[in-house]
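What follows is coords-v2.cif (mmCIF, C-alpha atoms and all ligand atoms).
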```
data_model
loop_
_atom_site.group_PDB
_atom_site.id
_atom_site.type_symbol
_atom_site.label_atom_id
_atom_site.label_comp_id
_atom_site.auth_asym_id
_atom_site.auth_seq_id
_atom_site.Cartn_x
_atom_site.Cartn_y
_atom_site.Cartn_z
ATOM 1 C CA MET F 19 75.025 82.189 94.041
ATOM 2 C CA ILE F 20 76.264 78.937 92.479
ATOM 3 C CA GLU F 21 76.519 79.556 88.745
ATOM 4 C CA LYS F 22 77.592 77.767 85.581
ATOM 5 C CA THR F 23 79.684 79.198 82.795
ATOM 6 C CA PHE F 24 80.720 77.877 79.407
ATOM 7 C CA SER F 25 84.387 77.550 78.454
ATOM 8 C CA ILE F 26 86.364 76.578 75.361
ATOM 9 C CA ILE F 27 90.000 75.510 75.414
ATOM 10 C CA LYS F 28 90.936 76.722 71.926
ATOM 11 C CA PRO F 29 92.983 75.043 69.156
ATOM 12 C CA ASP F 30 96.229 76.855 69.997
ATOM 13 C CA ALA F 31 96.120 75.275 73.464
ATOM 14 C CA THR F 32 95.062 71.737 72.454
ATOM 15 C CA ARG F 33 97.802 71.805 69.782
ATOM 16 C CA ARG F 34 100.382 72.433 72.536
ATOM 17 C CA ASN F 35 98.866 69.723 74.787
ATOM 18 C CA LEU F 36 97.846 72.246 77.452
ATOM 19 C CA THR F 37 94.407 70.821 78.312
ATOM 20 C CA GLY F 38 95.599 69.274 81.578
ATOM 21 C CA GLU F 39 97.512 72.350 82.726
ATOM 22 C CA ILE F 40 94.593 74.660 81.964
ATOM 23 C CA ASN F 41 92.149 72.303 83.697
ATOM 24 C CA GLY F 42 94.539 72.263 86.659
ATOM 25 C CA MET F 43 94.354 76.062 86.908
ATOM 26 C CA ILE F 44 90.552 75.911 86.573
ATOM 27 C CA GLU F 45 90.214 73.332 89.366
ATOM 28 C CA ALA F 46 92.780 75.052 91.600
ATOM 29 C CA ALA F 47 90.652 78.204 91.325
ATOM 30 C CA GLY F 48 87.702 76.300 92.789
ATOM 31 C CA PHE F 49 85.682 75.467 89.675
ATOM 32 C CA LYS F 50 84.068 72.063 89.237
ATOM 33 C CA ILE F 51 84.164 70.815 85.633
ATOM 34 C CA VAL F 52 80.596 69.449 85.392
ATOM 35 C CA ALA F 53 80.682 68.700 81.641
ATOM 36 C CA GLN F 54 83.510 68.380 79.135
ATOM 37 C CA LYS F 55 84.214 66.966 75.672
ATOM 38 C CA ARG F 56 86.904 67.195 72.989
ATOM 39 C CA ILE F 57 85.354 68.025 69.630
ATOM 40 C CA ARG F 58 86.007 69.646 66.255
ATOM 41 C CA ILE F 59 83.853 72.723 65.674
ATOM 42 C CA THR F 60 82.892 73.157 62.026
ATOM 43 C CA LEU F 61 83.295 76.526 60.322
ATOM 44 C CA GLU F 62 79.500 76.793 60.111
ATOM 45 C CA GLN F 63 79.127 76.134 63.857
ATOM 46 C CA ALA F 64 81.858 78.670 64.651
ATOM 47 C CA ARG F 65 80.093 81.327 62.578
ATOM 48 C CA ILE F 66 76.857 80.732 64.517
ATOM 49 C CA PHE F 67 78.616 80.563 67.894
ATOM 50 C CA TYR F 68 80.440 83.880 67.321
ATOM 51 C CA GLU F 69 77.554 85.573 65.470
ATOM 52 C CA VAL F 70 77.590 88.423 67.989
ATOM 53 C CA HIS F 71 80.962 89.413 66.459
ATOM 54 C CA SER F 72 79.807 89.084 62.834
ATOM 55 C CA SER F 73 80.198 92.783 62.091
ATOM 56 C CA LYS F 74 83.746 92.920 63.475
ATOM 57 C CA PRO F 75 86.781 92.915 61.171
ATOM 58 C CA PHE F 76 88.258 89.892 62.970
ATOM 59 C CA TYR F 77 85.124 87.702 62.590
ATOM 60 C CA ASP F 78 86.225 85.584 59.597
ATOM 61 C CA ASP F 79 89.689 84.867 61.005
ATOM 62 C CA LEU F 80 88.206 84.081 64.419
ATOM 63 C CA CYS F 81 85.819 81.486 62.966
ATOM 64 C CA VAL F 82 88.495 79.905 60.785
ATOM 65 C CA PHE F 83 90.797 79.664 63.799
ATOM 66 C CA LEU F 84 88.189 78.126 66.118
ATOM 67 C CA SER F 85 87.486 75.424 63.531
ATOM 68 C CA SER F 86 91.174 74.799 62.752
ATOM 69 C CA GLY F 87 91.760 72.023 65.305
ATOM 70 C CA PRO F 88 90.349 70.160 68.291
ATOM 71 C CA VAL F 89 88.821 72.143 71.125
ATOM 72 C CA ILE F 90 87.645 71.234 74.599
ATOM 73 C CA VAL F 91 84.157 72.549 75.359
ATOM 74 C CA GLN F 92 83.283 72.521 79.022
ATOM 75 C CA ILE F 93 80.870 73.744 81.658
ATOM 76 C CA LEU F 94 82.353 75.095 84.875
ATOM 77 C CA GLU F 95 80.431 75.463 88.115
ATOM 78 C CA LYS F 96 81.254 77.681 91.070
ATOM 79 C CA GLU F 97 79.938 80.585 93.056
ATOM 80 C CA ASN F 98 80.051 83.630 90.738
ATOM 81 C CA ALA F 99 81.435 81.397 87.962
ATOM 82 C CA ILE F 100 80.940 83.770 85.027
ATOM 83 C CA ASP F 101 82.889 86.729 86.408
ATOM 84 C CA ASP F 102 85.406 84.569 88.256
ATOM 85 C CA TYR F 103 86.268 82.600 85.107
ATOM 86 C CA ARG F 104 86.745 85.816 83.147
ATOM 87 C CA ALA F 105 89.126 86.952 85.889
ATOM 88 C CA LEU F 106 90.989 83.631 85.749
ATOM 89 C CA MET F 107 91.281 83.835 81.937
ATOM 90 C CA GLY F 108 92.709 87.366 82.005
ATOM 91 C CA ALA F 109 92.382 90.082 79.364
ATOM 92 C CA THR F 110 91.387 89.100 75.800
ATOM 93 C CA ASN F 111 94.704 90.434 74.545
ATOM 94 C CA PRO F 112 97.419 88.520 76.417
ATOM 95 C CA ALA F 113 99.641 91.613 76.292
ATOM 96 C CA ASN F 114 97.227 93.114 78.833
ATOM 97 C CA ALA F 115 96.659 89.955 80.901
ATOM 98 C CA THR F 116 97.876 90.001 84.478
ATOM 99 C CA GLU F 117 100.222 87.425 85.958
ATOM 100 C CA GLY F 118 98.547 84.300 87.273
ATOM 101 C CA THR F 119 95.880 84.265 84.553
ATOM 102 C CA ILE F 120 95.495 81.552 81.915
ATOM 103 C CA ARG F 121 96.030 83.956 79.024
ATOM 104 C CA HIS F 122 99.109 85.534 80.616
ATOM 105 C CA LYS F 123 100.617 82.091 80.970
ATOM 106 C CA PHE F 124 99.595 80.460 77.699
ATOM 107 C CA ALA F 125 98.016 82.783 75.103
ATOM 108 C CA LEU F 126 100.018 83.529 71.969
ATOM 109 C CA SER F 127 98.081 86.523 70.620
ATOM 110 C CA VAL F 128 94.646 88.166 70.732
ATOM 111 C CA ASP F 129 93.471 85.604 68.155
ATOM 112 C CA GLN F 130 95.204 82.575 69.637
ATOM 113 C CA ASN F 131 94.273 83.383 73.205
ATOM 114 C CA SER F 132 93.848 79.808 74.452
ATOM 115 C CA VAL F 133 90.445 80.072 76.158
ATOM 116 C CA HIS F 134 86.946 81.487 75.777
ATOM 117 C CA GLY F 135 84.489 82.149 78.605
ATOM 118 C CA SER F 136 80.913 83.417 78.613
ATOM 119 C CA ASP F 137 80.507 87.115 79.383
ATOM 120 C CA ALA F 138 77.001 87.162 80.944
ATOM 121 C CA GLN F 139 74.229 84.892 82.236
ATOM 122 C CA GLU F 140 72.240 84.947 78.974
ATOM 123 C CA THR F 141 75.265 84.107 76.823
ATOM 124 C CA ALA F 142 76.346 81.394 79.281
ATOM 125 C CA ALA F 143 72.906 79.772 78.995
ATOM 126 C CA SER F 144 72.834 79.888 75.196
ATOM 127 C CA GLU F 145 76.471 78.790 74.784
ATOM 128 C CA MET F 146 75.984 75.782 77.101
ATOM 129 C CA LYS F 147 72.861 74.789 75.200
ATOM 130 C CA PHE F 148 74.696 75.096 71.867
ATOM 131 C CA PHE F 149 77.111 72.282 72.812
ATOM 132 C CA PHE F 150 75.541 70.255 75.635
ATOM 133 C CA SER F 151 72.254 68.546 76.417
ATOM 134 C CA ASP F 152 71.022 68.420 80.026
ATOM 135 C CA ILE F 153 71.968 64.752 80.461
ATOM 136 C CA GLU F 154 75.638 65.553 79.713
ATOM 137 C CA ILE F 155 75.892 67.893 82.711
ATOM 138 C CA ILE F 156 76.774 65.942 85.871
ATOM 139 C CA GLU F 157 76.919 68.093 88.983
HETATM 140 P P1 LIG S 201 86.849 85.281 72.891
HETATM 141 O O1 LIG S 201 86.728 85.562 74.344
HETATM 142 O O2 LIG S 201 86.742 83.880 72.440
HETATM 143 O O3 LIG S 201 85.732 86.152 72.102
HETATM 144 C C1 LIG S 201 85.911 86.601 70.779
HETATM 145 C C2 LIG S 201 87.316 86.440 70.299
HETATM 146 O O4 LIG S 201 87.684 87.255 69.212
HETATM 147 C C3 LIG S 201 88.286 86.821 71.385
HETATM 148 O O5 LIG S 201 88.253 85.849 72.411
HETATM 149 C C4 LIG S 201 89.595 86.924 70.597
HETATM 150 O O6 LIG S 201 90.284 85.681 70.504
HETATM 151 C C5 LIG S 201 89.112 87.291 69.187
HETATM 152 N N1 LIG S 201 89.569 88.614 68.778
HETATM 153 C C6 LIG S 201 90.381 88.862 67.738
HETATM 154 N N2 LIG S 201 90.607 90.176 67.614
HETATM 155 C C7 LIG S 201 89.939 90.789 68.605
HETATM 156 C C8 LIG S 201 89.782 92.148 69.006
HETATM 157 N N3 LIG S 201 90.379 93.153 68.351
HETATM 158 N N4 LIG S 201 88.997 92.408 70.076
HETATM 159 C C9 LIG S 201 88.369 91.403 70.744
HETATM 160 N N5 LIG S 201 88.470 90.096 70.390
HETATM 161 C C10 LIG S 201 89.254 89.792 69.335
#
```

Show me, as structure tokens, the structure contained in the file I just sent.
Amino acid sequence: MIEKTFSIIKPDATRRNLTGEINGMIEAAGFKIVAQKRIRITLEQARIFYEVHSSKPFYDDLCVFLSSGPVIVQILEKENAIDDYRALMGATNPANATEGTIRHKFALSVDQNSVHGSDAQETAASEMKFFFSDIEIIE
């Protein structure tokens, strides 16, 4: 089934000018980037976006980090996009990420782990809607 997933290239990666290299890995893995923009996420937006983690000890630092610099928000389309993008990203903690994954190659730490990807169909739908309107998605 052709699916869409939501992705963020995080501030640690934009700071190191890795947008093109990460997009290259995404496209080489067969994803079509059907929407993309470079934005600054405010602290308030980050707190809403990551609300599911609000009870976790790392929540405040996570939101401060996500709003600390430019990010690329994007929508990726492919068969089985949600699970396949999580596989391409690699484990949340780069110490556990396997070779060939984005986080193995670029992530600096569990906090500065270069990319975010939706974990399920419902979260993909709500995360896409949070940042994009329908007319910004060009298949
Ligand atoms: P992400 O996939 O964007 O989802 C939530 C983020 O919280 C995660 O990537 C990590 O960057 C960050 N994080 C920080 N500490 C932890 C932790 N102990 N477990 C999971 N995620 C963490």

(request) Please extract the residues at most 8 Å from ligand LIG 201 (chain S), counting only C-alpha atoms and all ligand atoms, and provide them as a ChimeraX atom specification, using the chain letters and residue numbers of this document. (result) /F:26,68,71,75-77,79-80,110-111,127-136

(message) Can you tell me which residues surround Asp30 in chain F at a distance of at most 10 Å, considering only C-alpha atoms, apart from same-chain residues fewer than 3 positions away, and format the answer as a PyMOL selection string?
(response) chain F and resi 27+33-36+83-84+86-89+124-127+129-133

(request) Go through F:Ile59, F:Ala109, F:Ile120, F:Ala99 and flag the residue nearest Ser85 in chain F, using all atoms listed in the file for the distances. (result)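 Checking each of F:Ile59, F:Ala109, F:Ile120, F:Ala99 against Ser85 in chain F, counting all atoms listed in the file, the winner is F:Ile59.
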
(request) Please write as a VMD selection string the full residue list that the PyMOL selection byres (((chain F and resi 41) around 12) and not hetatm) yields on this file. (result) chain F and resid 25 to 27 31 to 32 35 to 40 42 to 51 54 90 to 94 103 106 to 107 120 133

(request) Name the residues that the PyMOL selection byres (((chain F and resi 149) around 12) and not hetatm) picks from the file above, as a PyMOL selection string, using the file's chain letters and numbers. (result) chain F and resi 24-26+53-59+63-64+66-67+89-93+142-148+150-155

(message) Between CA of Ala138 in chain F and CA of Glu69 in chain F, what is the distance in Å, rounded to a tenth?
(response) 15.6 Å

(message) My list of candidates is F:Ile156, F:Ile20, F:Glu62, F:Arg104. Which is closest to Arg121 in chain F when distances are computed with only C-alpha atoms?
(response)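 Checking each of F:Ile156, F:Ile20, F:Glu62, F:Arg104 against Arg121 in chain F, counting only C-alpha atoms, the winner is F:Arg104.
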
(message) Please report the interatomic distance between CA of Val70 in chain F and CA of Thr141 in chain F in Å with one decimal.
(response) 10.1 Å

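The two atoms in question, CA of Ala113 in chain F and CA of Lys28 in chain F, are spaced 17.8 Å apart.
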
Find the axis-aligned box for range 91-109 of chain F, covering all its listed atoms and adding 6 Å on each side, and write its centre and edge lengths in Å to one decimal as lines of an AutoDock Vina configuration file.
```
center_x = 86.3
center_y = 81.3
center_z = 84.2
size_x = 24.8
size_y = 29.6
size_z = 29.7
```

(message) To test your reading of the syntax: which residues would the PyMOL selection byres (((chain F and resi 19) around 10) and not hetatm) return for the file shown? Reply as number ranges by chain.
(response) F: 20-22, 96-99

(request) Pick out the closest residue to Cys81 in chain F from this set: F:Gln139, F:Thr23, F:Thr60, F:Thr116. Count only C-alpha atoms. (result) F:Thr60
